[in-house]
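Q: I'm passing along target.tsv; it holds TSV, C-alpha atoms and all ligand atoms.
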```
chain	number	residue	atom	x	y	z
C	29	MET	CA	-24.20	-17.69	-11.98
C	30	ASN	CA	-23.72	-15.16	-14.75
C	31	ILE	CA	-22.13	-11.77	-14.20
C	32	LYS	CA	-25.42	-9.89	-14.31
C	33	GLU	CA	-26.88	-12.10	-11.58
C	34	ALA	CA	-23.73	-11.72	-9.47
C	35	ILE	CA	-23.94	-7.92	-9.74
C	36	VAL	CA	-27.64	-7.85	-8.87
C	37	ASN	CA	-27.40	-10.40	-6.02
C	38	ARG	CA	-24.30	-8.98	-4.35
C	39	ARG	CA	-25.15	-7.07	-1.20
C	40	SER	CA	-23.12	-5.96	1.78
C	41	ILE	CA	-23.89	-8.60	4.38
C	42	LYS	CA	-23.45	-7.82	8.07
C	43	HIS	CA	-24.24	-11.18	9.71
C	44	PHE	CA	-22.52	-14.41	8.75
C	45	ASP	CA	-22.62	-18.01	9.95
C	46	PRO	CA	-19.66	-18.12	12.36
C	47	GLU	CA	-19.48	-21.91	12.16
C	48	HIS	CA	-18.91	-22.04	8.41
C	49	GLN	CA	-15.32	-22.57	7.30
C	50	MET	CA	-14.05	-22.01	3.78
C	51	THR	CA	-11.64	-24.67	2.61
C	52	GLU	CA	-8.10	-23.81	1.52
C	53	ALA	CA	-9.09	-24.94	-1.99
C	54	GLU	CA	-11.97	-22.44	-2.05
C	55	ILE	CA	-9.77	-19.63	-0.81
C	56	HIS	CA	-7.20	-20.52	-3.42
C	57	GLU	CA	-9.88	-20.54	-6.13
C	58	LEU	CA	-11.14	-17.15	-4.96
C	59	MET	CA	-7.76	-15.44	-4.74
C	60	SER	CA	-6.24	-16.98	-7.85
C	61	HIS	CA	-9.09	-15.41	-9.84
C	62	VAL	CA	-8.89	-12.09	-8.00
C	63	ILE	CA	-5.26	-11.61	-9.06
C	64	LEU	CA	-6.34	-11.75	-12.71
C	65	SER	CA	-7.89	-8.30	-12.22
C	66	PRO	CA	-6.36	-5.43	-14.19
C	67	THR	CA	-3.76	-2.99	-12.82
C	68	ALA	CA	-2.04	-0.05	-14.47
C	69	PHE	CA	1.15	-1.23	-16.15
C	70	ASN	CA	0.34	-4.68	-14.68
C	71	ILE	CA	2.07	-3.56	-11.47
C	72	GLN	CA	-0.28	-5.58	-9.21
C	73	HIS	CA	0.11	-3.22	-6.27
C	74	TRP	CA	-2.27	-5.25	-4.14
C	75	ARG	CA	-1.26	-7.26	-1.10
C	76	PHE	CA	-3.94	-9.22	0.72
C	77	VAL	CA	-3.59	-10.12	4.39
C	78	ARG	CA	-5.83	-12.97	5.50
C	79	VAL	CA	-6.43	-12.69	9.22
C	80	ILE	CA	-6.78	-16.17	10.70
C	81	ASP	CA	-5.67	-15.72	14.33
C	82	PRO	CA	-8.85	-15.40	16.47
C	83	ALA	CA	-7.09	-12.99	18.85
C	84	LYS	CA	-6.16	-10.70	15.96
C	85	ARG	CA	-9.72	-10.93	14.63
C	86	GLN	CA	-10.99	-9.80	18.03
C	87	GLN	CA	-8.53	-6.89	18.06
C	88	ILE	CA	-9.60	-5.86	14.57
C	89	GLN	CA	-13.26	-6.11	15.53
C	90	ALA	CA	-12.55	-3.78	18.47
C	91	ALA	CA	-10.82	-1.41	16.04
C	92	SER	CA	-13.88	-1.62	13.76
C	93	PHE	CA	-16.45	-0.22	16.18
C	94	GLY	CA	-17.42	-3.77	17.14
C	95	GLN	CA	-18.74	-4.72	13.68
C	96	THR	CA	-19.64	-8.39	14.04
C	97	GLN	CA	-18.86	-9.44	10.47
C	98	VAL	CA	-15.15	-9.08	11.31
C	99	THR	CA	-15.26	-12.14	13.55
C	100	GLU	CA	-18.30	-13.98	12.13
C	101	ALA	CA	-17.29	-14.17	8.47
C	102	SER	CA	-15.29	-17.17	7.24
C	103	LEU	CA	-12.65	-14.96	5.67
C	104	LEU	CA	-11.31	-11.58	6.74
C	105	LEU	CA	-8.99	-9.90	4.26
C	106	VAL	CA	-7.15	-6.64	4.86
C	107	LEU	CA	-6.64	-5.17	1.41
C	108	CYS	CA	-3.30	-3.42	1.27
C	109	ALA	CA	-1.13	-2.03	-1.48
C	110	ASP	CA	2.56	-1.34	-1.95
C	111	LEU	CA	3.14	2.35	-2.73
C	112	ASN	CA	6.54	1.51	-4.20
C	113	ALA	CA	5.53	-1.56	-6.18
C	114	TRP	CA	6.21	0.39	-9.38
C	115	GLU	CA	9.97	0.46	-8.65
C	116	LYS	CA	10.44	-2.98	-7.09
C	117	GLN	CA	11.94	-5.14	-9.84
C	118	PRO	CA	9.36	-3.97	-12.41
C	119	LYS	CA	10.82	-6.36	-14.98
C	120	ARG	CA	8.89	-9.20	-13.33
C	121	TYR	CA	5.56	-7.55	-14.24
C	122	TRP	CA	6.43	-7.97	-17.92
C	123	ARG	CA	8.73	-10.99	-17.79
C	124	GLU	CA	6.69	-13.00	-20.28
C	125	ALA	CA	6.15	-10.14	-22.73
C	126	PRO	CA	8.22	-9.80	-25.93
C	127	GLN	CA	11.47	-7.87	-25.51
C	128	ASP	CA	10.25	-4.85	-27.51
C	129	VAL	CA	7.23	-4.53	-25.22
C	130	GLN	CA	9.49	-4.69	-22.15
C	131	ASP	CA	11.85	-2.11	-23.66
C	132	PHE	CA	8.95	0.28	-24.12
C	133	LEU	CA	7.06	-0.29	-20.88
C	134	LEU	CA	9.78	-0.40	-18.24
C	135	PRO	CA	11.00	3.17	-18.88
C	136	ALA	CA	7.36	4.27	-19.18
C	137	ILE	CA	6.64	2.97	-15.66
C	138	ALA	CA	9.60	4.91	-14.26
C	139	ASP	CA	8.53	8.08	-16.11
C	140	TYR	CA	4.96	7.83	-14.91
C	141	TYR	CA	5.65	7.33	-11.18
C	142	THR	CA	9.05	8.83	-10.33
C	143	ASN	CA	8.41	11.66	-7.82
C	144	HIS	CA	4.67	11.45	-8.53
C	145	HIS	CA	3.54	10.53	-5.05
C	146	GLN	CA	-0.13	11.25	-5.65
C	147	ALA	CA	-0.12	8.97	-8.71
C	148	GLN	CA	1.62	6.22	-6.73
C	149	ARG	CA	-1.07	6.39	-4.04
C	150	ASP	CA	-4.01	6.78	-6.43
C	151	GLU	CA	-2.86	3.73	-8.36
C	152	CYS	CA	-2.84	1.67	-5.16
C	153	PHE	CA	-6.47	2.56	-4.56
C	154	ARG	CA	-7.46	1.89	-8.17
C	155	SER	CA	-5.79	-1.54	-8.20
C	156	SER	CA	-7.11	-2.51	-4.81
C	157	SER	CA	-10.66	-1.35	-5.51
C	158	ILE	CA	-10.88	-3.31	-8.74
C	159	ALA	CA	-9.58	-6.38	-6.88
C	160	ALA	CA	-12.22	-5.76	-4.20
C	161	MET	CA	-14.98	-5.96	-6.80
C	162	SER	CA	-13.47	-9.18	-8.14
C	163	ILE	CA	-13.54	-10.66	-4.62
C	164	MET	CA	-17.20	-9.72	-4.23
C	165	LEU	CA	-18.25	-11.12	-7.62
C	166	MET	CA	-16.20	-14.32	-7.22
C	167	ALA	CA	-17.75	-14.77	-3.77
C	168	GLN	CA	-21.20	-14.65	-5.39
C	169	GLU	CA	-20.12	-17.15	-8.03
C	170	MET	CA	-18.91	-19.51	-5.29
C	171	GLY	CA	-22.12	-19.28	-3.22
C	172	TYR	CA	-20.74	-16.83	-0.69
C	173	ASP	CA	-21.50	-13.28	0.37
C	174	SER	CA	-19.25	-10.40	1.27
C	175	CYS	CA	-18.97	-6.96	2.79
C	176	PRO	CA	-16.41	-4.29	1.91
C	177	MET	CA	-15.38	-2.25	4.93
C	178	ASP	CA	-13.66	1.01	5.75
C	179	GLY	CA	-15.36	1.50	9.11
C	180	PHE	CA	-12.26	0.85	11.19
C	181	ASP	CA	-9.25	2.60	12.67
C	182	PHE	CA	-6.64	2.25	9.92
C	183	ASP	CA	-3.69	2.95	12.22
C	184	LYS	CA	-4.74	0.31	14.73
C	185	VAL	CA	-5.29	-2.32	12.04
C	186	ALA	CA	-1.94	-1.42	10.46
C	187	LYS	CA	-0.23	-2.20	13.77
C	188	ILE	CA	-2.11	-5.48	14.20
C	189	ILE	CA	-1.03	-6.75	10.77
C	190	ASN	CA	2.48	-5.25	10.98
C	191	LEU	CA	1.95	-3.17	7.82
C	192	PRO	CA	5.28	-2.31	6.13
C	193	HIS	CA	6.15	1.42	6.15
C	194	ASP	CA	5.71	1.80	2.38
C	195	HIS	CA	2.35	0.01	2.19
C	196	ILE	CA	-1.15	1.34	2.79
C	197	ILE	CA	-4.40	-0.28	3.82
C	198	THR	CA	-7.16	0.48	1.34
C	199	MET	CA	-10.11	-1.36	2.90
C	200	MET	CA	-11.09	-4.66	4.47
C	201	MET	CA	-13.29	-7.36	2.97
C	202	VAL	CA	-15.17	-10.18	4.64
C	203	VAL	CA	-16.52	-13.25	2.86
C	204	GLY	CA	-18.75	-15.97	4.27
C	205	LYS	CA	-22.16	-17.61	4.40
C	206	LYS	CA	-24.81	-15.05	5.17
C	207	LYS	CA	-27.04	-15.58	8.18
C	208	VAL	CA	-29.26	-12.53	7.67
C	209	ASP	CA	-30.32	-11.03	4.35
C	210	ALA	CA	-29.43	-7.44	3.56
C	211	ARG	CA	-32.18	-4.89	3.91
C	212	PRO	CA	-33.77	-3.77	0.62
C	213	ARG	CA	-31.43	-1.46	-1.33
C	214	ALA	CA	-31.28	1.94	0.30
C	215	GLY	CA	-31.89	3.92	-2.91
C	216	GLN	CA	-29.76	4.15	-6.03
C	217	LEU	CA	-29.45	7.59	-7.62
C	218	PRO	CA	-31.30	7.83	-10.93
C	219	LEU	CA	-29.05	7.02	-13.86
C	220	ASN	CA	-29.51	10.49	-15.35
C	221	GLU	CA	-27.98	12.04	-12.23
C	222	VAL	CA	-24.73	10.08	-12.57
C	223	PHE	CA	-24.33	9.22	-16.26
C	224	PHE	CA	-23.46	11.91	-18.82
C	225	ASP	CA	-22.81	12.12	-22.51
C	226	ASP	CA	-19.65	13.95	-23.60
C	227	SER	CA	-19.39	16.43	-20.70
C	228	PHE	CA	-21.04	17.59	-17.48
D	301	LIG	C1	-15.36	1.35	0.59
D	301	LIG	C2	-16.56	0.81	1.31
D	301	LIG	C3	-16.56	0.77	2.70
D	301	LIG	C4	-17.63	0.25	3.39
D	301	LIG	N1	-17.56	0.11	4.76
D	301	LIG	C5	-18.53	-0.56	5.41
D	301	LIG	C6	-18.38	-0.88	6.78
D	301	LIG	O1	-17.39	-0.55	7.43
D	301	LIG	N2	-19.38	-1.55	7.38
D	301	LIG	C7	-20.51	-1.95	6.71
D	301	LIG	O2	-21.37	-2.60	7.32
D	301	LIG	N3	-20.66	-1.69	5.39
D	301	LIG	C8	-19.70	-1.01	4.72
D	301	LIG	N4	-19.82	-0.77	3.38
D	301	LIG	C9	-21.02	-1.22	2.67
D	301	LIG	C10	-21.91	-0.07	2.21
D	301	LIG	O3	-22.62	0.47	3.28
D	301	LIG	C11	-22.81	-0.62	1.11
D	301	LIG	O4	-22.03	-1.01	0.02
D	301	LIG	C12	-23.86	0.38	0.62
D	301	LIG	O5	-24.72	0.75	1.66
D	301	LIG	C13	-24.69	-0.21	-0.51
D	301	LIG	O6	-25.28	-1.43	-0.12
D	301	LIG	P1	-25.01	-2.80	-0.87
D	301	LIG	O7	-23.51	-3.01	-0.91
D	301	LIG	O8	-25.71	-3.86	-0.07
D	301	LIG	O9	-25.56	-2.66	-2.26
D	301	LIG	C14	-18.76	-0.22	2.68
D	301	LIG	C15	-18.77	-0.15	1.28
D	301	LIG	C16	-17.68	0.34	0.61
D	301	LIG	C17	-17.69	0.33	-0.90
```
Now, as a test, write the supplied structure out as structure tokens.
Ligand SMILES: Cc1cc2nc3c(=O)[nH]c(=O)nc-3n(C[C@H](O)[C@H](O)[C@H](O)COP(=O)(O)O)c2cc1C
A:
Amino acid sequence: MNIKEAIVNRRSIKHFDPEHQMTEAEIHELMSHVILSPTAFNIQHWRFVRVIDPAKRQQIQAASFGQTQVTEASLLLVLCADLNAWEKQPKRYWREAPQDVQDFLLPAIADYYTNHHQAQRDECFRSSSIAAMSIMLMAQEMGYDSCPMDGFDFDKVAKIINLPHDHIITMMMVVGKKKVDARPRAGQLPLNEVFFDDSF
């Protein structure tokens, strides 16, 4: 599948085949491509929690207004991000870069984020959202479907997955074999309402 087809065919699927299981090799293929997505300063803020335990899946479904894709999909990921990733051994984000690049970038990371709490949080959402799109497109490529989700109680899910105090949940994502097609697209805004030249 080419990228254009993946973009056109991707839809948010609500009903999945609960019997279908993704293999470990497939999940590895999916996630090892997802982590090639870009992040500011290559900080890779994302942390992905795969929820396997059926009891936890049930609890998360209850915290998600009963949405059935939480338990029916083959894969449930809670997309999280580390607010303090920027200051946790940042050298490792550039370990294979030439020394002069490291010497420039490591102080730049500190300058950009120190005491800038909004920037730290915004970056988590940017990184995580780009990774989310990679998951959805890779799922298409691999013959799977997906649904991004924020219709859940974030505090309850945080407790269920034991979220560290300096991490946030950005969204959830399910991946699996669709059982029911999505309804026709609800209505995209016309391009000229959302796309501008030079200024608003
Ligand atoms: C951040 C985000 C959160 C969403 N949360 C949910 C959700 O909780 N449940 C759901 O069924 N769909 C959810 N959706 C899917 C949207 O409803 C869907 O993307 C939108 O209606 C457009 O449809 P499409 O994705 O099939 O093109 C979410 C989408 C995004 C991007």
Q: Return as an MDAnalysis selection string the residues of protein, DNA or RNA that approach ligand LIG 301 (chain D) to within 7 Å, with only C-alpha atoms and all ligand atoms taken into account.
A: chainID C and resid 38:42 175:180 199 210 213:214
Q: Would you list the contacts of Leu64 in chain C as an MDAnalysis selection string, taking every protein, DNA or RNA residue within 9 Å and counting all atoms listed in the file, but skipping same-chain residues closer than 3 positions in sequence?
A: chainID C and resid 59:61 159 162
Q: Within 7 Å of range 97-120 of chain C, which residues of range 137-162 of chain C show up? Give each one with its shortest atom-to-atom distance in Å (one decimal) and the two atoms involved, counting only C-alpha atoms, rows by chain then rising residue number, as a tab-separated table.
A:
```
residue	atom	partner	partner_atom	distance
C:Ile137	CA	C:Trp114	CA	6.8
C:Gln148	CA	C:Leu111	CA	5.8
C:Arg149	CA	C:Leu111	CA	6.0
C:Cys152	CA	C:Ala109	CA	5.5
C:Ser156	CA	C:Leu107	CA	6.8
```
Q: If you count only C-alpha atoms, which residues fall within 12 Å of Lys84 in chain C, apart from same-chain ones fewer than 6 positions away, as a PyMOL selection string?
A: chain C and resi 77-78+90-91+98-99+104+106+184-190
Q: Would you work out the distance separating CA of Pro126 in chain C from CA of Arg75 in chain C, expressed in Å to one decimal?
A: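 Atom-to-atom, CA of Pro126 in chain C and CA of Arg75 in chain C are spaced 26.7 Å apart.
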Q: Restricting the calculation to all atoms listed in the file: of C:Gly171, C:Pro192, C:Pro135, C:Gly204, which residue gets closest to Glu47 in chain C?
A: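 Residue with the minimum atom-to-atom distance to Glu47 in chain C: C:Gly204.
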Q: When you draw a straight line from CA of Phe76 in chain C to CA of Glu57 in chain C, how long is it in Å?
A: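 These atoms are spaced 14.5 Å apart.
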Q: Can you tell me, as lines of an AutoDock Vina configuration file, the centre and edge lengths (Å, one decimal) of the axis-aligned box enclosing all of range 74-92 of chain C's listed atoms after padding each side by 6 Å?
A:
```
center_x = -7.6
center_y = -8.8
center_z = 7.4
size_x = 24.6
size_y = 26.8
size_z = 35.0
```
Q: Could you tell me how far CA of Ile31 in chain C lies from CA of Phe224 in chain C, in Å and to one decimal?
A: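 So the two atoms, CA of Ile31 in chain C and CA of Phe224 in chain C, lie 24.2 Å apart.
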Q: Neighbourhood query: residues within 12 Å of (-20.4, -21.1, -2.6), file coordinates, counting only C-alpha atoms; return as a list of chain:residue names.
A: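 It turns out the residues near that spot are C:Met29, C:His48, C:Gln49, C:Met50, C:Thr51, C:Ala53, C:Glu54, C:Ile55, C:Glu57, C:Leu58, C:Ser102, C:Met164, C:Leu165, C:Met166, C:Ala167, C:Gln168, C:Glu169, C:Met170, C:Gly171, C:Tyr172, C:Asp173, C:Ser174, C:Val203, C:Gly204, C:Lys205, C:Lys206.
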Q: Tell me which of C:Phe132, C:Thr96, C:His73, C:Val36 sits closest to His195 in chain C, counting all atoms listed in the file.
A: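 Residue with the minimum atom-to-atom distance to His195 in chain C: C:His73.
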Q: Return the single residue from C:Asn37, C:Ser92, C:His144, C:Gln127 that is closest to Phe182 in chain C, with distances computed using only C-alpha atoms.
A: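 Using only C-alpha atoms, Phe182 in chain C sits closest to C:Ser92.
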Q: Please return range 46-63 of chain C, rebuilt to N, CA, C and O atoms, as an mmCIF file, keeping the file's coordinate frame.
A:
```
data_model
loop_
_atom_site.group_PDB
_atom_site.id
_atom_site.type_symbol
_atom_site.label_atom_id
_atom_site.label_comp_id
_atom_site.auth_asym_id
_atom_site.auth_seq_id
_atom_site.Cartn_x
_atom_site.Cartn_y
_atom_site.Cartn_z
ATOM 1 N N PRO C 46 -21.021 -18.031 11.811
ATOM 2 C CA PRO C 46 -19.660 -18.120 12.360
ATOM 3 C C PRO C 46 -19.081 -19.525 12.342
ATOM 4 O O PRO C 46 -17.872 -19.703 12.501
ATOM 5 N N GLU C 47 -19.964 -20.521 12.160
ATOM 6 C CA GLU C 47 -19.480 -21.910 12.160
ATOM 7 C C GLU C 47 -18.918 -22.316 10.797
ATOM 8 O O GLU C 47 -18.151 -23.275 10.701
ATOM 9 N N HIS C 48 -19.304 -21.593 9.758
ATOM 10 C CA HIS C 48 -18.910 -22.040 8.410
ATOM 11 C C HIS C 48 -17.421 -21.752 8.163
ATOM 12 O O HIS C 48 -16.923 -20.664 8.421
ATOM 13 N N GLN C 49 -16.734 -22.755 7.640
ATOM 14 C CA GLN C 49 -15.320 -22.570 7.300
ATOM 15 C C GLN C 49 -15.134 -22.742 5.801
ATOM 16 O O GLN C 49 -15.643 -23.708 5.226
ATOM 17 N N MET C 50 -14.420 -21.823 5.197
ATOM 18 C CA MET C 50 -14.050 -22.010 3.780
ATOM 19 C C MET C 50 -12.839 -22.917 3.734
ATOM 20 O O MET C 50 -11.940 -22.810 4.575
ATOM 21 N N THR C 51 -12.798 -23.791 2.729
ATOM 22 C CA THR C 51 -11.640 -24.670 2.610
ATOM 23 C C THR C 51 -10.472 -23.886 1.984
ATOM 24 O O THR C 51 -10.679 -22.846 1.330
ATOM 25 N N GLU C 52 -9.286 -24.426 2.157
ATOM 26 C CA GLU C 52 -8.100 -23.810 1.520
ATOM 27 C C GLU C 52 -8.278 -23.785 0.003
ATOM 28 O O GLU C 52 -7.875 -22.846 -0.671
ATOM 29 N N ALA C 53 -8.892 -24.869 -0.531
ATOM 30 C CA ALA C 53 -9.090 -24.940 -1.990
ATOM 31 C C ALA C 53 -10.015 -23.817 -2.453
ATOM 32 O O ALA C 53 -9.793 -23.203 -3.503
ATOM 33 N N GLU C 54 -11.052 -23.528 -1.678
ATOM 34 C CA GLU C 54 -11.970 -22.440 -2.050
ATOM 35 C C GLU C 54 -11.256 -21.086 -1.994
ATOM 36 O O GLU C 54 -11.438 -20.241 -2.878
ATOM 37 N N ILE C 55 -10.468 -20.918 -0.946
ATOM 38 C CA ILE C 55 -9.770 -19.630 -0.810
ATOM 39 C C ILE C 55 -8.761 -19.464 -1.946
ATOM 40 O O ILE C 55 -8.610 -18.393 -2.527
ATOM 41 N N HIS C 56 -8.129 -20.572 -2.298
ATOM 42 C CA HIS C 56 -7.200 -20.520 -3.420
ATOM 43 C C HIS C 56 -7.937 -20.199 -4.720
ATOM 44 O O HIS C 56 -7.481 -19.377 -5.525
ATOM 45 N N GLU C 57 -9.097 -20.819 -4.910
ATOM 46 C CA GLU C 57 -9.880 -20.540 -6.130
ATOM 47 C C GLU C 57 -10.273 -19.062 -6.176
ATOM 48 O O GLU C 57 -10.135 -18.393 -7.204
ATOM 49 N N LEU C 58 -10.738 -18.572 -5.045
ATOM 50 C CA LEU C 58 -11.140 -17.150 -4.960
ATOM 51 C C LEU C 58 -9.970 -16.243 -5.321
ATOM 52 O O LEU C 58 -10.044 -15.428 -6.249
ATOM 53 N N MET C 59 -8.871 -16.402 -4.606
ATOM 54 C CA MET C 59 -7.760 -15.440 -4.740
ATOM 55 C C MET C 59 -7.013 -15.596 -6.061
ATOM 56 O O MET C 59 -6.505 -14.607 -6.610
ATOM 57 N N SER C 60 -6.965 -16.816 -6.583
ATOM 58 C CA SER C 60 -6.240 -16.980 -7.850
ATOM 59 C C SER C 60 -7.017 -16.338 -9.008
ATOM 60 O O SER C 60 -6.419 -15.977 -10.017
ATOM 61 N N HIS C 61 -8.323 -16.165 -8.843
ATOM 62 C CA HIS C 61 -9.090 -15.410 -9.840
ATOM 63 C C HIS C 61 -8.984 -13.909 -9.595
ATOM 64 O O HIS C 61 -8.916 -13.130 -10.537
ATOM 65 N N VAL C 62 -8.971 -13.532 -8.330
ATOM 66 C CA VAL C 62 -8.890 -12.090 -8.000
ATOM 67 C C VAL C 62 -7.627 -11.473 -8.613
ATOM 68 O O VAL C 62 -7.664 -10.360 -9.143
ATOM 69 N N ILE C 63 -6.519 -12.204 -8.571
ATOM 70 C CA ILE C 63 -5.260 -11.610 -9.060
ATOM 71 C C ILE C 63 -5.186 -11.563 -10.595
ATOM 72 O O ILE C 63 -4.178 -11.120 -11.143
#
```
